[in-house]
Each structure stands twice: as structure tokens, then as C-alpha cells.
Amino acid sequence: GRVVVLGGASAASEAVAEELAALTGAPVTRLFGDDRYATAAAVSRATFPSADTVYVATGENFPDGLAGAPPAAHEGAPLLLARADRLPEATATELARLDPERVVLLGGEAVLGPTVAEALAAFGDVERVAGSDRVATAVAAADRLPAPEEVFVATGWAYADALSAAAVAGARGAPVLLTSPTTASPATSEAVERFGPRRLHVIGGSRAVTEEVEAELRALLDR
């Protein structure tokens, strides 16, 4: 019934938008800004009249934002992007419009430094959700969801599979956990065993997450 294209013409060309319209017969809307930060703000502006909580992740790498998307969706919160050492103007403008009470900062100080946290404090109480690395940060984000019945697991070393899963996971109140492609990451294994979900979805083929890792994770469900 509706198609939303995210990003400007350099990310998804007008030819792509026209083909989508032809394939579906549906109206095509494009949400975009001058850069990734402004595009995230445009998505938020088109979706949320206001928000009690806003999530903020680095726009310079992908894992924290992907892992934070499901809890953000569960809380009805937008997800905006920042640089490691400063708050982009588009993000600050959107935060002012949303007028949140709380800002959830995804990732440690190496990805979003104290300067960013201080800038965000002007918009609401800041809570940092972080672990020792991208895998542990994804677990920390997953812990914000109440007793998930299903869990999605994707490689934490490329973004596409986790990106595809994030919207589905968010709609179902399920987390996206990350793992090394060839070894089940200990923090993820611990989280899967602790959550005890009914279903485990491993996203991507065996080159993204090997069958050995999948078998190791599935074995945790029987404990």
C-alpha cells in the first residue's frame, strides 16, 4: 500500500523509486536529508510528533544503532545519529522538536564521547547503554526488552543482515544480538541461554554465520 525510500538519490536513485512504484502501484515517499544524520532526523520527523525517549547511536559505524533499533521500536522511540565528538545540527534540531525526557546513548565513550553526552544532557536525562565491545553493547541493548520469546542473531562484522532483521525484531519485541561469523561470541551465548527464547533466528548464510556457530547457539535452547 505504501513504499518509503530512505536516503537521497545517491543512496537510492530516482530510477529505483520509479521501479518500486511500477512494481507495486503504490505511492512512493522518500525520506532524506543532506547526510545520514539529517536523514535519520527526517525519518524521526515524519514518524514522531514527540517522544518521551530518544535513542542516539554513532553514525560512523553500524552495530550499536542496529542493536538499539528493536528496544527503541519497543519503547516507541526514534533513533538518531551523532558523531563521536559532536552532535550534528540536524540531530540537535530534531531533539529540540521532540522534547524528550530521556536520551538513551548507545555505546561506550570510544564511539560517543563525553562531549556528546554533555550536549545530549541539554535535551533530557542521559542514560548510556554500553558494553566492552559491539557484541556486549548489543546484549546491553537487548536487556532493555522484557523476556523475549524469540531472538535474532546476525554477524556483527557486516551490517546488511542485522539491518534487515532489525525492523522485524523491533515489531516483535525481540532483540538483535551480534556474533563473530566463525565463533559464537561468549556474551551472545550467555544472553541466549539467559533469555531462554522459544525461537532463535540466525540471519544470513553460512558465510555470514557458520553452521557451527548456529548449532552452538541452538544447543543453548535445550539447556
# chains A, B, ... in the order shown; residues from 1 in each chain; ligands from 1
$ residues_around --residues "A:Ala26" --least-positions-apart "5" --cutoff "12 Å" --atoms "only C-alpha atoms" --output "list of chain:residue names"
A:Gly1, A:Arg2, A:Val3, A:Val4, A:Ala17, A:Glu18, A:Glu19, A:Leu20, A:Ala21
$ residues_around --residues "A:Gly170" --least-positions-apart "5" --cutoff "9 Å" --atoms "only C-alpha atoms" --output "PyMOL selection string"
chain A and resi 69-74+165+175-176
$ select_by_dssp --residues "stretch 152-207 of chain A" --states "strand (DSSP E or B)" --output "list of chain:residue names"
A:Phe152, A:Val153, A:Ala154, A:Thr155, A:Val176, A:Leu177, A:Leu178, A:Thr179, A:Arg199, A:Leu200, A:His201, A:Val202
$ atom_distance --atom1 "atom CA of A:Ala46" --atom2 "atom CA of A:Ala12"
18.6 Å
$ residues_around --residues "A:Pro88" --least-positions-apart "6" --cutoff "12 Å" --atoms "only C-alpha atoms" --output "list in words"
Asp34, Asp35, Arg36, Tyr37, Ala38, Thr39, Ala40, Ala41, Val56, Thr58, Gly59, Leu80, Leu81, Ala82, Glu94, Leu95, Val116, Ala119 and Leu120 of chain A
$ residues_around --residues "stretch 139-152 of chain A" --least-positions-apart "3" --cutoff "6 Å" --atoms "only C-alpha atoms" --output "MDAnalysis selection string"
chainID A and resid 68 71 136 174:176 197:202
$ residues_around --residues "A:Leu178" --least-positions-apart "2" --cutoff "8 Å" --atoms "only C-alpha atoms" --output "mmCIF file with C-alpha atoms, in the first residue's frame"
data_model
loop_
_atom_site.group_PDB
_atom_site.id
_atom_site.type_symbol
_atom_site.label_atom_id
_atom_site.label_comp_id
_atom_site.auth_asym_id
_atom_site.auth_seq_id
_atom_site.Cartn_x
_atom_site.Cartn_y
_atom_site.Cartn_z
ATOM 1 C CA ALA A 67 21.197 -3.455 18.152
ATOM 2 C CA ARG A 134 29.899 -4.178 19.974
ATOM 3 C CA VAL A 135 28.688 -7.647 20.978
ATOM 4 C CA ALA A 138 24.086 -5.402 21.735
ATOM 5 C CA VAL A 153 21.340 -13.277 15.745
ATOM 6 C CA ALA A 154 23.447 -11.808 12.932
ATOM 7 C CA THR A 155 27.093 -11.202 12.227
ATOM 8 C CA GLY A 156 28.466 -8.133 13.957
ATOM 9 C CA VAL A 176 19.094 -8.437 17.605
ATOM 10 C CA SER A 180 31.552 -13.374 15.244
ATOM 11 C CA SER A 185 30.623 -14.753 20.877
ATOM 12 C CA THR A 188 25.812 -13.551 22.933
#
$ residues_around --residues "stretch 125-130 of chain A" --least-positions-apart "5" --cutoff "7 Å" --atoms "only C-alpha atoms" --output "list of chain:residue names"
A:Glu101, A:Arg102, A:Val103, A:Val104, A:Leu105, A:Leu106, A:Gly107, A:Gly108, A:Leu120, A:Thr137, A:Ala140, A:Ala141
$ write_last_selection --atoms "N, CA, C and O atoms" --output "CSV table (one decimal), in the first residue's frame"
chain,number,residue,atom,x,y,z
A,101,GLU,N,12.1,13.4,27.6
A,101,GLU,CA,12.5,13.5,29.0
A,101,GLU,C,13.8,12.7,29.2
A,101,GLU,O,14.5,13.0,30.1
A,102,ARG,N,14.1,11.7,28.3
A,102,ARG,CA,15.2,10.9,28.5
A,102,ARG,C,15.9,10.6,27.1
A,102,ARG,O,15.2,10.5,26.1
A,103,VAL,N,17.2,10.5,27.2
A,103,VAL,CA,18.0,10.2,26.0
A,103,VAL,C,18.9,9.0,26.3
A,103,VAL,O,19.6,9.0,27.2
A,104,VAL,N,18.7,7.9,25.5
A,104,VAL,CA,19.5,6.7,25.7
A,104,VAL,C,20.7,6.7,24.7
A,104,VAL,O,20.5,6.7,23.5
A,105,LEU,N,21.8,6.7,25.2
A,105,LEU,CA,23.1,6.8,24.5
A,105,LEU,C,23.6,5.4,24.3
A,105,LEU,O,23.9,4.7,25.2
A,106,LEU,N,23.7,5.0,23.0
A,106,LEU,CA,24.2,3.6,22.7
A,106,LEU,C,25.7,3.6,22.4
A,106,LEU,O,26.2,4.2,21.5
A,107,GLY,N,26.4,2.8,23.2
A,107,GLY,CA,27.8,2.6,23.0
A,107,GLY,C,28.7,3.3,24.0
A,107,GLY,O,28.2,4.3,24.7
A,108,GLY,N,29.9,2.9,24.1
A,108,GLY,CA,30.8,3.5,25.1
A,108,GLY,C,31.4,4.8,24.6
A,108,GLY,O,31.1,5.3,23.6
A,120,LEU,N,23.9,16.1,24.8
A,120,LEU,CA,22.6,15.5,24.9
A,120,LEU,C,21.9,15.8,26.2
A,120,LEU,O,20.7,15.8,26.3
A,137,THR,N,27.6,-4.6,23.8
A,137,THR,CA,26.7,-3.4,23.8
A,137,THR,C,25.3,-3.9,23.2
A,137,THR,O,24.2,-3.5,23.7
A,140,ALA,N,23.6,-5.5,26.1
A,140,ALA,CA,23.0,-4.5,27.0
A,140,ALA,C,21.8,-3.9,26.4
A,140,ALA,O,20.8,-3.6,27.2
A,141,ALA,N,21.7,-3.6,25.1
A,141,ALA,CA,20.5,-3.1,24.5
A,141,ALA,C,19.4,-4.1,24.6
A,141,ALA,O,18.2,-3.8,24.8
$ atom_distance --atom1 "atom CA of A:Phe48" --atom2 "atom CA of A:Pro78"
7.3 Å
$ residues_around --residues "A:Asp85" --least-positions-apart "6" --cutoff "9 Å" --atoms "only C-alpha atoms" --output "list of chain:residue names"
A:Val111, A:Leu112, A:Gly113, A:Pro114, A:Thr115, A:Val116
$ atom_distance --atom1 "atom CA of A:Leu217" --atom2 "atom CA of A:Ser189"
6.3 Å
$ closest_residue --among "A:Arg97, A:Arg218, A:Arg86, A:Arg30" --to "A:Val54" --atoms "only C-alpha atoms"
A:Arg97
$ closest_residue --among "A:Leu23, A:Ala184, A:Ala160, A:Val192" --to "A:Gly205" --atoms "only C-alpha atoms"
A:Ala160
$ select_by_dssp --residues "stretch 10-188 of chain A" --states "helix (DSSP H, G or I)" --output "PyMOL selection string"
chain A and resi 14-24+36-47+63-74+89-98+114-120+134-142+160-172+186-188
$ closest_residue --among "A:Gly173, A:Glu193, A:Pro181, A:Ser206" --to "A:Asp222" --atoms "only C-alpha atoms"
A:Glu193
$ closest_residue --among "A:Leu221, A:Leu31, A:Glu190, A:Arg83" --to "A:Ala9" --atoms "only C-alpha atoms"
A:Leu31
$ closest_residue --among "A:Thr29, A:Ser132, A:Asn61, A:Thr47" --to "A:Leu6" --atoms "only C-alpha atoms"
A:Thr29
